[in-house]
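Asks: Handing over protein-v4.cif, mmCIF, C-alpha atoms and all ligand atoms.
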data_run
loop_
_atom_site.label_atom_id
_atom_site.label_comp_id
_atom_site.auth_asym_id
_atom_site.auth_seq_id
_atom_site.Cartn_x
_atom_site.Cartn_y
_atom_site.Cartn_z
CA VAL A 1 -21.20 299.62 45.53
CA ASP A 2 -18.68 297.30 47.06
CA HIS A 3 -19.84 296.88 50.63
CA ALA A 4 -16.80 294.92 51.56
CA ASN A 5 -13.21 295.14 52.42
CA THR A 6 -11.04 292.35 53.58
CA THR A 7 -8.07 291.75 55.78
CA THR A 8 -7.91 288.10 54.99
CA SER A 9 -4.89 286.37 53.54
CA ALA A 10 -3.52 282.89 53.09
CA ILE A 11 -6.78 281.12 53.50
CA ASP A 12 -7.36 277.52 52.67
CA GLU A 13 -9.98 277.10 50.05
CA THR A 14 -11.79 273.91 49.29
CA SER A 15 -13.37 272.73 46.10
CA GLY A 16 -17.12 273.15 46.02
CA SER A 17 -17.60 269.45 45.59
CA GLY A 18 -15.95 268.89 48.96
CA GLN A 19 -16.40 265.51 50.50
CA GLY A 20 -18.13 264.47 53.63
CA ASP A 21 -18.59 266.02 56.96
CA PRO A 22 -19.44 269.71 57.31
CA GLU A 23 -17.59 269.74 60.63
CA VAL A 24 -14.44 268.79 58.76
CA LEU A 25 -15.14 271.44 56.16
CA LEU A 26 -15.45 273.99 58.91
CA ARG A 27 -12.10 273.07 60.32
CA THR A 28 -10.23 272.97 57.05
CA ILE A 29 -11.62 275.94 55.23
CA THR A 30 -11.23 279.67 55.53
CA LYS A 31 -9.88 279.70 59.06
CA ASP A 32 -9.25 283.40 58.92
CA LEU A 33 -12.45 284.42 57.28
CA GLY A 34 -13.74 285.48 60.67
CA LYS A 35 -11.23 288.32 60.57
CA THR A 36 -12.67 289.51 57.30
CA CYS A 37 -14.53 292.69 57.77
CA PHE A 38 -17.52 293.37 55.58
CA THR A 39 -19.24 296.65 56.00
CA GLY A 40 -22.10 298.48 54.34
CA GLN A 41 -25.49 297.04 53.63
CA PRO A 42 -26.45 293.39 53.26
CA ILE A 43 -27.39 292.48 49.69
CA GLY A 44 -30.02 290.01 50.72
CA LYS A 45 -32.06 288.93 53.67
CA GLY A 46 -33.70 285.60 54.19
CA ARG A 47 -35.54 284.06 57.08
CA TYR A 48 -32.41 283.05 58.94
CA GLY A 49 -29.66 285.39 58.00
CA GLU A 50 -28.20 288.18 55.99
CA VAL A 51 -26.16 287.92 52.83
CA TRP A 52 -23.24 290.28 52.29
CA LYS A 53 -20.99 291.00 49.38
CA ALA A 54 -17.34 290.58 50.30
CA SER A 55 -13.94 290.19 48.80
CA PHE A 56 -12.13 286.93 49.40
CA LYS A 57 -8.78 285.95 47.90
CA GLY A 58 -9.20 288.57 45.25
CA ARG A 59 -12.60 287.28 44.26
CA THR A 60 -15.95 288.88 44.95
CA VAL A 61 -18.07 286.46 46.95
CA ALA A 62 -21.36 286.32 48.81
CA ILE A 63 -21.30 285.53 52.53
CA LYS A 64 -24.43 284.34 54.26
CA CYS A 65 -24.20 285.11 57.99
CA VAL A 66 -26.37 283.20 60.41
CA LYS A 67 -26.41 283.40 64.21
CA SER A 68 -25.28 280.13 65.73
CA THR A 69 -28.66 279.85 67.46
CA GLU A 70 -30.07 279.33 63.95
CA GLY A 71 -27.41 276.73 63.26
CA GLU A 72 -29.72 273.95 62.15
CA SER A 73 -30.37 275.37 58.69
CA PHE A 74 -26.69 276.32 58.33
CA TYR A 75 -25.50 272.79 59.08
CA ARG A 76 -28.09 271.31 56.78
CA GLU A 77 -26.97 273.62 53.97
CA THR A 78 -23.26 272.93 54.52
CA ASN A 79 -24.00 269.24 54.59
CA ILE A 80 -25.83 269.47 51.25
CA TYR A 81 -22.94 271.38 49.69
CA ALA A 82 -20.66 268.60 50.92
CA THR A 83 -22.56 266.11 48.74
CA SER A 84 -20.27 264.44 46.30
CA MET A 85 -20.81 265.46 42.67
CA LEU A 86 -23.22 268.27 43.54
CA ARG A 87 -21.13 270.84 41.71
CA HIS A 88 -22.97 272.00 38.61
CA LEU A 89 -23.24 275.08 36.39
CA ASN A 90 -26.75 275.64 37.67
CA ILE A 91 -26.17 275.02 41.36
CA LEU A 92 -24.76 277.97 43.32
CA ASP A 93 -20.99 277.55 43.65
CA PHE A 94 -19.99 276.76 47.22
CA ILE A 95 -16.62 278.14 48.32
CA GLY A 96 -16.40 277.47 52.02
CA ALA A 97 -17.86 277.78 55.49
CA ASP A 98 -16.55 279.30 58.69
CA MET A 99 -17.61 280.71 62.03
CA ARG A 100 -16.55 283.79 63.94
CA SER A 101 -17.33 285.36 67.28
CA CYS A 102 -18.99 288.74 67.22
CA ASP A 103 -18.65 291.70 69.58
CA HIS A 104 -22.08 291.07 71.04
CA GLY A 105 -20.99 287.75 72.47
CA TYR A 106 -22.60 285.40 70.00
CA THR A 107 -21.10 283.22 67.33
CA GLU A 108 -21.87 283.76 63.71
CA LEU A 109 -21.82 281.04 61.05
CA LEU A 110 -20.65 282.02 57.60
CA LEU A 111 -21.37 280.37 54.28
CA ILE A 112 -19.30 281.61 51.36
CA THR A 113 -20.50 281.21 47.78
CA ALA A 114 -20.04 282.78 44.37
CA TYR A 115 -21.58 286.24 44.11
CA HIS A 116 -24.19 287.04 41.46
CA GLN A 117 -24.78 290.73 41.01
CA LEU A 118 -28.21 290.36 39.39
CA GLY A 119 -29.46 288.78 42.61
CA SER A 120 -32.40 286.41 42.77
CA LEU A 121 -34.91 285.64 40.03
CA TYR A 122 -37.40 287.51 42.22
CA ASP A 123 -35.22 290.66 42.14
CA PHE A 124 -34.62 290.24 38.42
CA LEU A 125 -38.23 289.76 37.34
CA ARG A 126 -39.27 292.77 39.40
CA VAL A 127 -37.00 295.17 37.53
CA GLU A 128 -36.40 293.70 34.09
CA LYS A 129 -38.76 293.35 31.16
CA ILE A 130 -38.17 289.89 29.77
CA ASP A 131 -39.10 288.43 26.41
CA LYS A 132 -40.03 284.88 25.57
CA LEU A 133 -36.55 283.56 24.88
CA ILE A 134 -35.03 285.05 28.04
CA ALA A 135 -37.91 283.70 30.13
CA VAL A 136 -37.43 280.20 28.72
CA ARG A 137 -33.64 280.47 29.07
CA LEU A 138 -33.96 281.40 32.75
CA LEU A 139 -36.40 278.56 33.35
CA ASN A 140 -34.52 275.92 31.36
CA SER A 141 -31.25 276.64 33.16
CA ALA A 142 -32.92 276.62 36.58
CA LEU A 143 -34.40 273.26 35.60
CA SER A 144 -30.92 271.92 34.74
CA GLY A 145 -29.92 272.68 38.32
CA LEU A 146 -33.11 271.20 39.76
CA VAL A 147 -32.81 268.01 37.71
CA HIS A 148 -29.21 267.62 38.87
CA LEU A 149 -30.32 268.16 42.45
CA HIS A 150 -33.20 265.67 42.21
CA CYS A 151 -31.33 262.93 40.37
CA GLY A 152 -29.47 260.19 42.11
CA ILE A 153 -26.58 259.13 39.91
CA ASP A 154 -25.67 255.47 40.23
CA GLY A 155 -22.18 254.12 40.46
CA HIS A 156 -19.56 253.75 43.12
CA SER A 157 -17.85 256.83 44.39
CA PRO A 158 -14.10 257.01 43.72
CA PHE A 159 -13.82 258.42 47.26
CA GLY A 160 -14.99 255.28 49.01
CA ASP A 161 -18.47 254.38 50.03
CA GLN A 162 -19.25 257.32 52.27
CA ASN A 163 -21.79 258.35 49.66
CA GLN A 164 -23.93 255.27 50.10
CA GLY A 165 -22.79 253.59 46.90
CA LYS A 166 -24.31 256.38 44.85
CA TYR A 167 -22.22 258.68 42.77
CA LYS A 168 -24.58 261.43 43.75
CA VAL A 169 -27.50 261.09 46.12
CA ALA A 170 -30.92 262.39 45.16
CA ILE A 171 -31.87 265.59 46.98
CA ALA A 172 -35.15 267.44 47.47
CA HIS A 173 -34.91 271.24 47.87
CA ARG A 174 -38.03 271.92 49.96
CA ASP A 175 -37.96 275.70 49.47
CA ILE A 176 -38.23 276.34 45.74
CA LYS A 177 -39.25 279.92 44.96
CA SER A 178 -38.01 282.84 42.89
CA ARG A 179 -36.04 284.24 45.85
CA ASN A 180 -33.97 281.05 46.09
CA ILE A 181 -32.90 281.00 42.44
CA LEU A 182 -30.12 283.35 41.42
CA VAL A 183 -29.57 284.95 38.02
CA LYS A 184 -26.07 284.84 36.54
CA ASN A 185 -24.68 287.49 34.21
CA ASP A 186 -25.36 285.39 31.11
CA LEU A 187 -29.06 285.23 32.07
CA THR A 188 -28.98 281.63 33.14
CA CYS A 189 -29.94 280.64 36.68
CA CYS A 190 -28.46 278.68 39.53
CA VAL A 191 -30.32 277.07 42.39
CA ALA A 192 -29.45 278.35 45.88
CA ASP A 193 -30.49 278.14 49.54
CA PHE A 194 -30.24 274.52 50.60
CA GLY A 195 -31.11 275.26 54.23
CA MET A 196 -34.20 273.02 54.08
CA ALA A 197 -32.95 270.41 51.63
CA VAL A 198 -33.01 266.70 52.37
CA LYS A 199 -31.13 263.75 50.90
CA ARG A 200 -32.44 260.34 49.95
CA ASN A 201 -31.25 257.40 52.01
CA PRO A 202 -30.44 254.12 50.21
CA ASP A 203 -33.64 252.64 51.69
CA GLY A 204 -35.72 255.26 49.86
CA LYS A 205 -36.46 257.24 53.00
CA ALA A 206 -35.65 260.88 53.52
CA ASP A 207 -32.49 261.44 55.55
CA PHE A 208 -33.31 263.62 58.54
CA GLY A 209 -30.27 262.51 60.51
CA ASN A 210 -30.96 262.51 64.22
CA SER A 211 -33.40 265.35 64.15
CA PHE A 212 -37.15 264.91 64.23
CA PRO A 213 -38.53 265.75 60.78
CA LYS A 214 -40.66 268.86 60.60
CA ILE A 215 -43.31 268.82 57.90
CA LYS A 216 -44.28 272.44 57.62
CA ILE A 217 -40.98 274.03 56.79
CA GLY A 218 -40.29 276.08 53.68
CA THR A 219 -42.26 279.07 52.52
CA ARG A 220 -46.00 278.96 53.25
CA ARG A 221 -47.02 280.55 49.94
CA TYR A 222 -45.31 277.74 48.00
CA MET A 223 -46.35 274.80 50.19
CA ALA A 224 -48.00 271.87 48.44
CA PRO A 225 -51.46 270.80 49.65
CA GLU A 226 -50.10 267.63 51.27
CA ILE A 227 -47.66 269.71 53.32
CA LEU A 228 -50.29 272.23 54.43
CA ALA A 229 -52.64 269.36 55.35
CA GLU A 230 -49.72 267.39 56.86
CA THR A 231 -50.75 264.28 54.96
CA ILE A 232 -47.36 263.88 53.26
CA ASN A 233 -45.63 260.57 53.95
CA LEU A 234 -42.49 261.63 55.78
CA LYS A 235 -40.89 258.27 55.20
CA ASP A 236 -41.11 258.49 51.42
CA PHE A 237 -38.33 260.63 49.99
CA THR A 238 -40.10 260.93 46.61
CA ALA A 239 -42.92 262.78 48.34
CA PHE A 240 -40.59 265.72 49.00
CA GLN A 241 -39.55 265.87 45.36
CA ARG A 242 -43.21 265.93 44.37
CA ALA A 243 -43.76 268.86 46.71
CA ASP A 244 -40.82 270.58 44.95
CA VAL A 245 -42.58 270.08 41.62
CA TYR A 246 -45.72 271.72 43.02
CA ALA A 247 -43.70 274.81 44.02
CA LEU A 248 -41.99 274.78 40.63
CA GLY A 249 -45.43 274.97 38.99
CA LEU A 250 -46.07 278.25 40.83
CA LEU A 251 -42.65 279.51 39.77
CA ILE A 252 -43.38 278.68 36.10
CA TRP A 253 -46.63 280.63 36.43
CA GLU A 254 -44.73 283.63 37.84
CA ILE A 255 -42.30 283.59 34.91
CA THR A 256 -44.99 283.00 32.27
CA ARG A 257 -46.93 286.02 33.55
CA CYS A 258 -44.00 288.30 32.73
CA ILE A 259 -43.83 287.22 29.06
CA PRO A 260 -45.42 289.67 26.59
CA VAL A 261 -48.29 288.05 24.64
CA GLY A 262 -50.00 289.51 21.59
CA ASP A 263 -50.16 293.29 21.91
CA ASP A 264 -49.78 293.17 25.70
CA GLU A 265 -46.51 293.83 27.43
CA GLY A 266 -45.65 291.23 30.03
CA LEU A 267 -47.29 291.91 33.38
CA PHE A 268 -45.38 293.33 36.32
CA TYR A 269 -44.01 290.49 38.46
CA GLU A 270 -46.21 289.19 41.26
CA PRO A 271 -45.74 286.09 43.37
CA ALA A 272 -48.29 283.30 43.09
CA PHE A 273 -51.57 284.02 44.94
CA PHE A 274 -50.71 287.74 45.30
CA ASP A 275 -54.37 288.52 44.67
CA VAL A 276 -55.84 286.13 47.23
CA VAL A 277 -53.58 286.04 50.29
CA SER A 278 -51.71 288.60 52.40
CA ALA A 279 -48.06 289.54 51.88
CA ASP A 280 -46.81 286.99 54.42
CA PRO A 281 -49.66 284.49 54.41
CA GLN A 282 -50.44 282.43 57.49
CA PHE A 283 -51.00 278.67 57.36
CA GLN A 284 -54.75 279.11 57.69
CA GLU A 285 -54.98 281.37 54.65
CA MET A 286 -52.98 278.95 52.57
CA GLU A 287 -54.85 275.87 53.78
CA ASN A 288 -58.10 277.59 53.01
CA ILE A 289 -57.26 278.44 49.39
CA ILE A 290 -55.10 275.40 48.53
CA CYS A 291 -56.61 272.48 50.45
CA ASP A 292 -60.24 273.51 50.96
CA ARG A 293 -61.01 275.61 47.88
CA LYS A 294 -58.37 273.92 45.70
CA MET A 295 -57.42 277.24 44.14
CA ARG A 296 -54.46 277.62 41.81
CA PRO A 297 -53.03 280.71 40.08
CA THR A 298 -55.25 282.03 37.29
CA HIS A 299 -54.81 281.10 33.65
CA ASN A 300 -54.48 283.99 31.20
CA PRO A 301 -56.56 283.10 28.08
CA LYS A 302 -54.04 285.03 25.97
CA TRP A 303 -51.48 282.31 26.71
CA ASN A 304 -53.38 280.12 24.23
CA LEU A 305 -52.42 282.48 21.40
CA ASP A 306 -48.72 281.60 21.45
CA SER A 307 -47.22 278.13 21.39
CA ALA A 308 -44.54 278.91 24.03
CA THR A 309 -46.94 280.37 26.60
CA ARG A 310 -49.42 277.59 25.80
CA ILE A 311 -46.80 274.94 26.59
CA LEU A 312 -45.77 276.73 29.80
CA ALA A 313 -49.40 277.04 30.89
CA LYS A 314 -49.93 273.31 30.39
CA LEU A 315 -46.76 272.56 32.38
CA GLN A 316 -47.95 274.64 35.34
CA VAL A 317 -51.11 272.59 35.60
CA ASP A 318 -49.18 269.31 35.33
CA CYS A 319 -46.93 270.45 38.20
CA TRP A 320 -49.52 271.62 40.73
CA CYS A 321 -52.01 268.71 40.60
CA ASP A 322 -53.70 268.02 43.88
CA ASP A 323 -52.62 264.38 43.69
CA PRO A 324 -48.82 264.35 44.13
CA SER A 325 -48.43 261.13 42.11
CA SER A 326 -49.99 262.84 39.06
CA ARG A 327 -47.32 265.55 39.00
CA LEU A 328 -44.62 265.37 36.34
CA PRO A 329 -41.12 264.29 37.35
CA MET A 330 -38.49 267.04 37.16
CA VAL A 331 -36.69 265.40 34.21
CA ARG A 332 -39.90 265.37 32.17
CA ILE A 333 -40.45 269.10 32.79
CA LYS A 334 -36.85 269.82 31.87
CA LYS A 335 -37.20 267.93 28.56
CA THR A 336 -40.27 269.93 27.56
CA VAL A 337 -38.63 273.26 28.40
CA ALA A 338 -35.32 272.31 26.72
CA LYS A 339 -37.25 271.49 23.53
CA LEU A 340 -39.13 274.76 23.83
CA GLU A 341 -35.87 276.70 24.12
CA SER A 342 -34.23 274.99 21.15
CA ASP A 343 -37.37 275.52 19.00
CA LEU A 344 -37.42 279.22 19.89
CA ILE A 345 -33.74 279.51 19.02
CA GLU A 346 -34.32 277.77 15.66
CA ASP A 347 -37.18 280.14 14.83
CA MET A 348 -35.12 283.18 15.71
CA LYS A 349 -32.15 281.94 13.71
CA ALA A 350 -34.42 281.31 10.75
CA ALA A 351 -35.61 284.91 11.07
CA GLY A 352 -31.98 286.06 10.88
CA THR A 353 -31.30 286.79 14.57
CA ASP A 354 -27.82 286.17 15.96
CA ILE A 355 -28.65 284.44 19.25
CA CYS A 356 -25.37 285.25 21.02
CA GLU A 357 -25.69 288.91 20.13
CA PHE A 358 -29.33 288.88 21.19
CA ILE A 359 -28.52 287.46 24.63
CA ALA A 360 -25.55 289.78 25.08
CA SER A 361 -27.79 292.74 24.26
CA LYS A 362 -30.18 291.71 27.04
CA SER A 363 -27.52 290.93 29.63
CA SER A 364 -24.70 292.77 31.32
CA LEU A 365 -22.10 290.74 29.42
P1 LIG A 401 -32.04 282.40 53.46
O1 LIG A 401 -31.74 280.97 53.74
O2 LIG A 401 -31.92 283.24 54.69
O3 LIG A 401 -33.34 282.58 52.72
P2 LIG A 401 -30.66 282.80 50.94
O4 LIG A 401 -29.48 281.91 50.69
O5 LIG A 401 -31.92 282.46 50.23
O6 LIG A 401 -30.87 282.93 52.50
O7 LIG A 401 -30.25 284.30 50.57
C1 LIG A 401 -31.16 285.37 50.83
C2 LIG A 401 -31.16 286.35 49.65
O8 LIG A 401 -29.83 286.89 49.47
C3 LIG A 401 -31.51 285.73 48.30
O9 LIG A 401 -32.90 285.72 48.11
C4 LIG A 401 -30.81 286.64 47.33
O10 LIG A 401 -31.58 287.80 47.10
C5 LIG A 401 -29.55 287.06 48.09
N1 LIG A 401 -28.40 286.19 47.76
C6 LIG A 401 -28.12 285.00 48.34
N2 LIG A 401 -27.01 284.46 47.84
C7 LIG A 401 -26.55 285.31 46.90
C8 LIG A 401 -25.43 285.32 45.99
N3 LIG A 401 -24.58 284.31 46.00
N4 LIG A 401 -25.30 286.36 45.15
C9 LIG A 401 -26.19 287.37 45.17
N5 LIG A 401 -27.25 287.44 45.99
C10 LIG A 401 -27.46 286.43 46.84
MG MG A 402 -33.77 281.92 50.82
MG MG A 403 -32.94 279.23 53.58
#
Would you give me this structure, written as structure tokens?

Replies:
Amino acid sequence: VDHANTTTSAIDETSGSGQGDPEVLLRTITKDLGKTCFTGQPIGKGRYGEVWKASFKGRTVAIKCVKSTEGESFYRETNIYATSMLRHLNILDFIGADMRSCDHGYTELLLITAYHQLGSLYDFLRVEKIDKLIAVRLLNSALSGLVHLHCGIDGHSPFGDQNQGKYKVAIAHRDIKSRNILVKNDLTCCVADFGMAVKRNPDGKADFGNSFPKIKIGTRRYMAPEILAETINLKDFTAFQRADVYALGLLIWEITRCIPVGDDEGLFYEPAFFDVVSADPQFQEMENIICDRKMRPTHNPKWNLDSATRILAKLQVDCWCDDPSSRLPMVRIKKTVAKLESDLIEDMKAAGTDICEFIASKSSL
């Protein structure tokens, strides 16, 4: 169902790798988007806003609408999208940002991105049966996005030094979970929702701008022990990337669980700790199981029977260590999963499977 119709025309569009200041982006982009009318039902709901499907310059897009009173996360997200060289196949495509006044007297902030009809990885895993190759393909592509996000790329920016002498600054996501990763039609993923993300300053500290850094932001279920216990060193940017890796470990567990092993079909999707905490767990519940009892999601002994699930199970454990400095770096995880995917593809080819046909048969291509 197309929930949207549009009255918009002649709108300035910016490239997703737009430079600099989100304020400038706001002024230069999509001035008339506020006149766009999108009706029907929102396609997604997060903590801060609603996401609608709309039509924009002949293209179907997603528009995240946030009340201006919740502007902090909106400005943080726009600022992240304004990072030079962020554009990547596995990072949600940013189109523009705008604001509009609503009938009820408040201002709404709008973030426009590419639209992905399969929705989030959470939505996808809940309805689709996935096999080993698709699971690894989803994970490997999400990891490409996460590695790109995490990596600082050295070199001087051709656009002057506004990017701190780095070609691309390192970024930590701070809210990694299946709901914040979107599935594209070719069954690869892109990373989305940068409302909590933070950049690395040249001095190695996390860039919180003028605002006082909050430790316990993100999603409680996915919070690393050092965040729950508030022992994380706020000054050390790397600490936030290590907390990302912890959350990624839980995500790998969620995906692994859905893979069929032996005679068993893959299990129905459940989020990490579904069996030990409530649907929207409070800090105390999480602190109790993660910090005090040091619990982690359960290992399925059947995973040892297959080399792919065995590798994924080992990765989970190496991501969610209690000691943040023992966790694997994102690039290391990516290398392991990339190798896993290419080995699986080789095996299937050797068995006479046409990989392109196989993926097309599983996707809506
Ligand atoms: P929030 O910051 O409020 O959590 P998100 O950016 O995570 O907002 O979006 C909320 C939900 O909307 C996602 O979990 C996803 O289900 C859906 N969604 C977001 N962006 C898109 C998109 N570009 N295409 C399709 N669905 C989307
Ligand atoms: Mg979200
Ligand atoms: Mg968010």

Asks: If you take all atoms listed in the file and a cut-off of 10 Å, which residues of range 160-215 of chain A touch range 66-86 of chain A, and what are their nearest atom pairs and distances in Å to one decimal, in chain and number order, as CSV?

Replies:
residue,atom,partner,partner_atom,distance
A:Gln162,CA,A:Ser84,CA,9.3
A:Asn163,CA,A:Ser84,CA,7.1
A:Lys166,CA,A:Ser84,CA,9.1
A:Tyr167,CA,A:Met85,CA,6.9
A:Lys168,CA,A:Met85,CA,5.6
A:Val169,CA,A:Thr83,CA,7.5
A:Ala170,CA,A:Leu86,CA,9.8
A:Ile171,CA,A:Ile80,CA,8.4
A:His173,CA,A:Ile80,CA,9.8
A:Ala192,CA,A:Glu77,CA,9.7
A:Asp193,CA,A:Glu77,CA,7.2
A:Phe194,CA,A:Glu77,CA,4.8
A:Gly195,CA,A:Glu77,CA,4.5
A:Met196,CA,A:Ser73,CA,6.4
A:Ala197,CA,A:Arg76,CA,7.1
A:Val198,CA,A:Ile80,CA,7.8
A:Lys199,CA,A:Ile80,CA,7.8
A:Phe208,CA,A:Arg76,CA,9.5
A:Gly209,CA,A:Arg76,CA,9.8
A:Ser211,CA,A:Glu72,CA,9.6

Asks: Between A:Val191, A:Ile43, A:Ile95, A:Ala224, which one has atoms that come closest to ligand MG 403 (chain A), using all atoms listed in the file?

Replies: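 So, comparing all the options, the nearest one is A:Val191.
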
Asks: Is there a way to get, as number ranges by chain, all residues within 12 Å of the point (-45.3, 285.3, 39.2) in file coordinates, counting only C-alpha atoms?

Replies: A: 121-126, 135, 177-179, 221-222, 247-259, 266-275, 297-299, 316

Asks: Write out as a ChimeraX atom specification the residues lying within 10 Å of Val245 in chain A, counting all atoms listed in the file and excluding same-chain residues fewer than 6 positions away.

Replies: /A:146,172-174,176,224,239,251,316,318-321,324,327-330,333

Asks: Could you tell me, counting all atoms listed in the file, which protein and nucleic acid residues lie no more than 7 Å from ligand LIG 401 (chain A), written as a list in words?

Replies: Ile43, Gly44, Lys45, Gly46, Arg47, Tyr48, Gly49, Glu50, Val51, Val61, Ala62, Lys64, Leu92, Thr113, Ala114, Tyr115, His116, Gln117, Leu118, Gly119, Ser120, Asp123, Arg179, Asn180, Leu182, Ala192, Asp193 and Gly195 of chain A

Asks: Report the distance between CA of Ile130 in chain A and CA of Asp306 in chain A in Å, rounded to one decimal place.

Replies: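 Rounded to one decimal, the two atoms are 15.8 Å apart.
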
Asks: Write out as a list in words the residues lying within 8 Å of range 350-359 of chain A, counting only C-alpha atoms and excluding same-chain residues fewer than 5 positions away.

Replies: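 Listed by chain and then number, they are Ile134, Asp186, Leu187 and Ile345 of chain A.
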
Asks: What separation in Å, quoted to one decimal, exists between CA of Ala338 in chain A and CA of Ile91 in chain A?

Replies: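 According to the coordinates, CA of Ala338 in chain A and CA of Ile91 in chain A are separated by 17.5 Å.
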
Asks: Determine the nearest neighbour of ligand MG 402 (chain A) from the options A:Val317, A:Pro281, A:Leu149, A:Ile181, counting only C-alpha atoms and all ligand atoms.

Replies: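 Smallest distance to ligand MG 402 (chain A) is found for A:Ile181.
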
Asks: Which of these residues is nearest to ligand MG 403 (chain A), using only C-alpha atoms and all ligand atoms: A:Asn233, A:Thr238, A:Thr219, A:Thr107?

Replies: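 Using only C-alpha atoms and all ligand atoms, ligand MG 403 (chain A) sits closest to A:Thr219.
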
Asks: Suppose you want the space between CA of Ala142 in chain A and CA of Cys190 in chain A; what is it in Å?

Replies: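 That distance, rounded to one decimal, is 5.7 Å.
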